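Here's the structure, in structure tokens; my notes come after.
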Amino acid sequence: MRVLVTGSAGFIGSALALRLLERGDEVIGIDNLNDYYDVGLKRARLERTLAYSGFRDLRISLEDREAVAAAFREHQPERVVNLAAQAGVRYSIENPASYIDTNLVGFGNILEGCRQNRVEHLVYASSSSVYGANTRMPFSVHDNVDHPVSLYAASKKANELMAHTYSHLFDIPTTGLRFFTVYGPWGRPDMALFKFTRKILAGEPIDVFNYGNHRRDFTYIDDIVEGVIRVLDRVAQSNPEWSGDHPDAASSRAPYRLYNIGNNQPVELRRYIEVLEACLGKTARKNLLPLQPGDVPDTFADVQDLVRDTGYKPATAIEQGVRHFVDWYRDYYKV
């Protein structure tokens, strides 16, 4: 297939593009290489995909309507995976405009590109953050999620609503994927594992919010990519049993679906740090701090729908995943 992947220099986008190229797909990658974090790391990720003749590298910002439209017209992708976004819960409190530009305006441009060019299937990144103030565990795609606690989460919920509208009005198959705390080699420097590793190796103290009592459904990058590919290959269908009297949030009469992709095994942040310390062979000095604004105490993915529809369930244990990350980090940074 010819697949357009946005955020192709990003953590998940780069890993996905590699997998698609390895199986023989043609990939059109869109990324603007913004400086939210280390551009050098983004370029290093890109070097891996640029080694494939089937990869086209486009330097475009999603909010540039004309550039996005031109990319769709020229390359005519059969399927699209939208992973480009302004990420980060805490940064959304400091810089809300960036989230509106990329996550709302930019996603609208992607939807228009799909509509105007008869794309077979749009798969897009949502987030576990959409569960917001929900406390019933595990988080289910069938639950109402109308109480986000950060603008980042609100923008991802908005993406789901926008996608449903396009599925309903224009019969475009769309599937939203709620990712749960993705980690692994080539990860984002603004994420906890990356920051903890750098500081522990440097002998600096780490900030541990909620006094280490967070529980997160940490999900390894290879598991995320496998889930994305399984869903991409299974074009969203309408749910003939859907009823407006008792609406199911995860499906519709339109070709619209939502799935969680998580490890289905929440781990306390304290345990996560213990595993990292064991892999590094060093003990962390910890600044124990209260819960930050916009954060939620726990995440836990119900993945029954993903297993039922794709036959796939993420299963990488943190002991294995953190070890792979540490090995990569030591090699990449020569420490």
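Ordering of the structure tokens sets the chain letters (A, B, ...), residue numbers begin anew at 1 in every chain, and ligands are numbered from 1 in the order given.
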**Filtered DSSP result for region 78-237 of chain A, state strand (DSSP E), as JSON, numbers by chain** = {"A": [79, 80, 81, 82, 121, 122, 123, 124, 125, 126, 127, 174, 175, 176, 177, 178, 179, 182, 183, 206, 207, 208, 215, 216, 219, 220]}
**Asked** Which residues come within 8 Å of Gly262 (chain A), counting only C-alpha atoms, excluding same-chain residues fewer than 3 positions away, as number ranges by chain?
**Response** A: 179-181, 217-219, 224, 265, 300-303, 314
Produce a file of the selected residues containing N, CA and C atoms, as a PDB file, in the first residue's frame.
```pdb
ATOM      1  N   PHE A 179      -3.508   5.621  22.928  1.00  0.00           N
ATOM      2  CA  PHE A 179      -2.232   5.056  23.361  1.00  0.00           C
ATOM      3  C   PHE A 179      -2.048   5.280  24.868  1.00  0.00           C
ATOM      4  N   PHE A 180      -1.452   4.281  25.523  1.00  0.00           N
ATOM      5  CA  PHE A 180      -1.183   4.357  26.953  1.00  0.00           C
ATOM      6  C   PHE A 180       0.325   4.378  27.207  1.00  0.00           C
ATOM      7  N   THR A 181       0.844   5.516  27.659  1.00  0.00           N
ATOM      8  CA  THR A 181       2.228   5.726  28.115  1.00  0.00           C
ATOM      9  C   THR A 181       3.241   4.882  27.343  1.00  0.00           C
ATOM     10  N   ASP A 217      -0.153   2.409  32.688  1.00  0.00           N
ATOM     11  CA  ASP A 217      -0.182   1.235  31.832  1.00  0.00           C
ATOM     12  C   ASP A 217       0.922   1.407  30.779  1.00  0.00           C
ATOM     13  N   PHE A 218       2.174   1.233  31.198  1.00  0.00           N
ATOM     14  CA  PHE A 218       3.333   1.445  30.330  1.00  0.00           C
ATOM     15  C   PHE A 218       3.288   0.452  29.161  1.00  0.00           C
ATOM     16  N   THR A 219       3.389   0.989  27.932  1.00  0.00           N
ATOM     17  CA  THR A 219       3.226   0.153  26.740  1.00  0.00           C
ATOM     18  C   THR A 219       4.449   0.298  25.839  1.00  0.00           C
ATOM     19  N   ILE A 224       2.921  -1.102  20.498  1.00  0.00           N
ATOM     20  CA  ILE A 224       2.103  -0.034  19.915  1.00  0.00           C
ATOM     21  C   ILE A 224       2.083  -0.151  18.390  1.00  0.00           C
ATOM     22  N   GLN A 265      -1.751  -3.787  32.109  1.00  0.00           N
ATOM     23  CA  GLN A 265      -1.018  -4.215  33.314  1.00  0.00           C
ATOM     24  C   GLN A 265      -0.427  -2.974  33.980  1.00  0.00           C
ATOM     25  N   PHE A 300      -5.220   2.540  33.066  1.00  0.00           N
ATOM     26  CA  PHE A 300      -5.350   1.081  32.975  1.00  0.00           C
ATOM     27  C   PHE A 300      -6.243   0.806  31.769  1.00  0.00           C
ATOM     28  N   ALA A 301      -5.682   0.186  30.742  1.00  0.00           N
ATOM     29  CA  ALA A 301      -6.394  -0.003  29.481  1.00  0.00           C
ATOM     30  C   ALA A 301      -7.185  -1.304  29.446  1.00  0.00           C
ATOM     31  N   ASP A 302      -8.468  -1.191  29.108  1.00  0.00           N
ATOM     32  CA  ASP A 302      -9.273  -2.346  28.733  1.00  0.00           C
ATOM     33  C   ASP A 302      -9.041  -2.570  27.239  1.00  0.00           C
ATOM     34  N   VAL A 303      -8.437  -3.694  26.870  1.00  0.00           N
ATOM     35  CA  VAL A 303      -8.091  -3.941  25.463  1.00  0.00           C
ATOM     36  C   VAL A 303      -8.927  -5.068  24.856  1.00  0.00           C
ATOM     37  N   PRO A 314      -1.047  -6.377  23.473  1.00  0.00           N
ATOM     38  CA  PRO A 314       0.309  -6.021  23.916  1.00  0.00           C
ATOM     39  C   PRO A 314       0.702  -6.830  25.148  1.00  0.00           C
TER      40      PRO A 314
END
```
**Message:** What parts of region 87-322 of chain A does DSSP call alpha helix (DSSP H)? I'd like the answer as a ChimeraX atom specification.
**Reply:** /A:91-94,96-99,107-116,151-170,192-201,221-232,269-280,304-310,318-322
Export, as an mmCIF file, in the first residue's frame, the selected residues with C-alpha atoms.
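Contents of selection-v6.cif, as written:
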```cif
data_model
loop_
_atom_site.group_PDB
_atom_site.id
_atom_site.type_symbol
_atom_site.label_atom_id
_atom_site.label_comp_id
_atom_site.auth_asym_id
_atom_site.auth_seq_id
_atom_site.Cartn_x
_atom_site.Cartn_y
_atom_site.Cartn_z
ATOM 1 C CA TYR A 91 3.304 21.764 28.128
ATOM 2 C CA SER A 92 -0.355 22.269 27.145
ATOM 3 C CA ILE A 93 -0.814 24.366 30.293
ATOM 4 C CA GLU A 94 2.073 26.651 29.285
ATOM 5 C CA PRO A 96 -2.141 26.140 24.619
ATOM 6 C CA ALA A 97 -1.995 27.804 21.184
ATOM 7 C CA SER A 98 0.397 25.150 19.903
ATOM 8 C CA TYR A 99 -2.171 22.431 20.661
ATOM 9 C CA PHE A 107 -6.132 17.395 12.126
ATOM 10 C CA GLY A 108 -8.909 19.207 10.256
ATOM 11 C CA ASN A 109 -6.550 19.528 7.290
ATOM 12 C CA ILE A 110 -5.820 15.794 7.425
ATOM 13 C CA LEU A 111 -9.541 14.998 7.443
ATOM 14 C CA GLU A 112 -10.055 17.247 4.429
ATOM 15 C CA GLY A 113 -7.188 15.563 2.594
ATOM 16 C CA CYS A 114 -8.835 12.186 3.226
ATOM 17 C CA ARG A 115 -12.215 13.461 2.027
ATOM 18 C CA GLN A 116 -10.947 15.087 -1.138
ATOM 19 C CA LEU A 151 -6.026 20.920 26.928
ATOM 20 C CA TYR A 152 -3.930 18.145 25.380
ATOM 21 C CA ALA A 153 -6.585 15.622 26.410
ATOM 22 C CA ALA A 154 -9.368 17.906 25.178
ATOM 23 C CA SER A 155 -7.667 18.223 21.777
ATOM 24 C CA LYS A 156 -7.469 14.429 21.461
ATOM 25 C CA LYS A 157 -11.137 14.028 22.407
ATOM 26 C CA ALA A 158 -11.916 16.705 19.809
ATOM 27 C CA ASN A 159 -10.043 14.639 17.201
ATOM 28 C CA GLU A 160 -12.335 11.702 17.917
ATOM 29 C CA LEU A 161 -15.410 13.910 17.492
ATOM 30 C CA MET A 162 -14.090 15.461 14.276
ATOM 31 C CA ALA A 163 -13.279 12.038 12.854
ATOM 32 C CA HIS A 164 -16.764 10.760 13.631
ATOM 33 C CA THR A 165 -18.311 13.722 11.819
ATOM 34 C CA TYR A 166 -16.293 12.966 8.672
ATOM 35 C CA SER A 167 -17.114 9.264 8.916
ATOM 36 C CA HIS A 168 -20.804 10.135 9.229
ATOM 37 C CA LEU A 169 -20.999 12.824 6.546
ATOM 38 C CA PHE A 170 -18.563 11.456 3.964
ATOM 39 C CA ALA A 192 9.744 10.189 32.335
ATOM 40 C CA LEU A 193 11.905 7.198 31.362
ATOM 41 C CA PHE A 194 14.210 9.325 29.218
ATOM 42 C CA LYS A 195 14.532 12.082 31.836
ATOM 43 C CA PHE A 196 15.048 9.638 34.696
ATOM 44 C CA THR A 197 17.765 7.759 32.797
ATOM 45 C CA ARG A 198 19.675 10.928 31.925
ATOM 46 C CA LYS A 199 19.538 12.286 35.468
ATOM 47 C CA ILE A 200 20.362 9.029 37.254
ATOM 48 C CA LEU A 201 23.419 8.482 35.044
ATOM 49 C CA ILE A 221 6.874 0.802 21.384
ATOM 50 C CA ASP A 222 6.910 -2.461 19.399
ATOM 51 C CA ASP A 223 3.544 -3.408 20.902
ATOM 52 C CA ILE A 224 2.103 -0.034 19.915
ATOM 53 C CA VAL A 225 3.359 -0.370 16.330
ATOM 54 C CA GLU A 226 1.989 -3.898 15.991
ATOM 55 C CA GLY A 227 -1.383 -2.664 17.208
ATOM 56 C CA VAL A 228 -1.389 0.244 14.746
ATOM 57 C CA ILE A 229 -0.602 -2.053 11.819
ATOM 58 C CA ARG A 230 -3.271 -4.580 12.801
ATOM 59 C CA VAL A 231 -5.841 -1.789 12.944
ATOM 60 C CA LEU A 232 -4.623 -0.095 9.743
ATOM 61 C CA LEU A 269 5.814 4.587 39.162
ATOM 62 C CA ARG A 270 7.950 3.500 42.125
ATOM 63 C CA ARG A 271 8.235 0.002 40.653
ATOM 64 C CA TYR A 272 9.062 1.448 37.227
ATOM 65 C CA ILE A 273 11.927 3.413 38.796
ATOM 66 C CA GLU A 274 13.161 0.297 40.638
ATOM 67 C CA VAL A 275 13.366 -1.585 37.330
ATOM 68 C CA LEU A 276 15.255 1.320 35.756
ATOM 69 C CA GLU A 277 17.683 1.466 38.687
ATOM 70 C CA ALA A 278 18.370 -2.267 38.305
ATOM 71 C CA CYS A 279 19.036 -1.869 34.569
ATOM 72 C CA LEU A 280 21.346 1.109 35.150
ATOM 73 C CA GLN A 304 -10.891 -6.470 24.943
ATOM 74 C CA ASP A 305 -12.096 -4.803 21.736
ATOM 75 C CA LEU A 306 -8.578 -4.729 20.268
ATOM 76 C CA VAL A 307 -8.096 -8.427 21.045
ATOM 77 C CA ARG A 308 -11.522 -9.350 19.683
ATOM 78 C CA ASP A 309 -11.178 -7.446 16.408
ATOM 79 C CA THR A 310 -7.471 -7.854 15.619
ATOM 80 C CA ILE A 318 8.494 -3.494 31.781
ATOM 81 C CA GLU A 319 11.573 -5.482 32.842
ATOM 82 C CA GLN A 320 12.200 -6.356 29.195
ATOM 83 C CA GLY A 321 11.119 -3.035 27.711
ATOM 84 C CA VAL A 322 13.125 -0.844 30.092
#
```
Could I get the residues of region 163-270 of chain A with an atom no further than 12 Å from an atom of region 56-78 of chain A, each paired with its nearest atom pair and that distance in Å to one decimal, using only C-alpha atoms, sorted by chain and residue number, as CSV?
```
residue,atom,partner,partner_atom,distance
A:Ile172,CA,A:Glu78,CA,12.0
A:Pro173,CA,A:Glu78,CA,11.8
A:Leu232,CA,A:Glu78,CA,10.9
A:Asp233,CA,A:Glu78,CA,11.3
A:Val235,CA,A:Glu78,CA,11.4
```
For Arg136 (chain A), list every protein, DNA or RNA residue within 10 Å, evaluated using only C-alpha atoms, and leave out those in the same chain fewer than 4 positions away; present the list as an mmCIF file with N, CA and C atoms, in the first residue's frame.
```cif
data_model
loop_
_atom_site.group_PDB
_atom_site.id
_atom_site.type_symbol
_atom_site.label_atom_id
_atom_site.label_comp_id
_atom_site.auth_asym_id
_atom_site.auth_seq_id
_atom_site.Cartn_x
_atom_site.Cartn_y
_atom_site.Cartn_z
ATOM 1 N N TYR A 131 -9.399 10.043 29.108
ATOM 2 C CA TYR A 131 -10.211 9.524 30.206
ATOM 3 C C TYR A 131 -10.303 10.506 31.372
ATOM 4 N N SER A 140 -12.400 1.964 29.622
ATOM 5 C CA SER A 140 -13.038 1.291 28.489
ATOM 6 C C SER A 140 -13.415 2.303 27.413
ATOM 7 N N ASP A 143 -16.927 3.794 27.590
ATOM 8 C CA ASP A 143 -17.309 4.762 28.612
ATOM 9 C C ASP A 143 -17.333 6.181 28.058
ATOM 10 N N THR A 299 -3.721 5.019 35.127
ATOM 11 C CA THR A 299 -4.274 4.624 33.832
ATOM 12 C C THR A 299 -4.217 3.104 33.728
ATOM 13 N N PHE A 300 -5.220 2.540 33.066
ATOM 14 C CA PHE A 300 -5.350 1.081 32.975
ATOM 15 C C PHE A 300 -6.243 0.806 31.769
#
```
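Of the listed residues (A:Arg23, A:Ala236, A:Arg2, A:Arg216), A:Arg216 comes nearest to Met137 (chain A); the distances count only C-alpha atoms.
Distance annotation: of A:Asn117, A:Asn144, A:Ser129, A:Thr174, the residue with the minimal separation from Ala249 (chain A) is A:Asn144; atom set is only C-alpha atoms.
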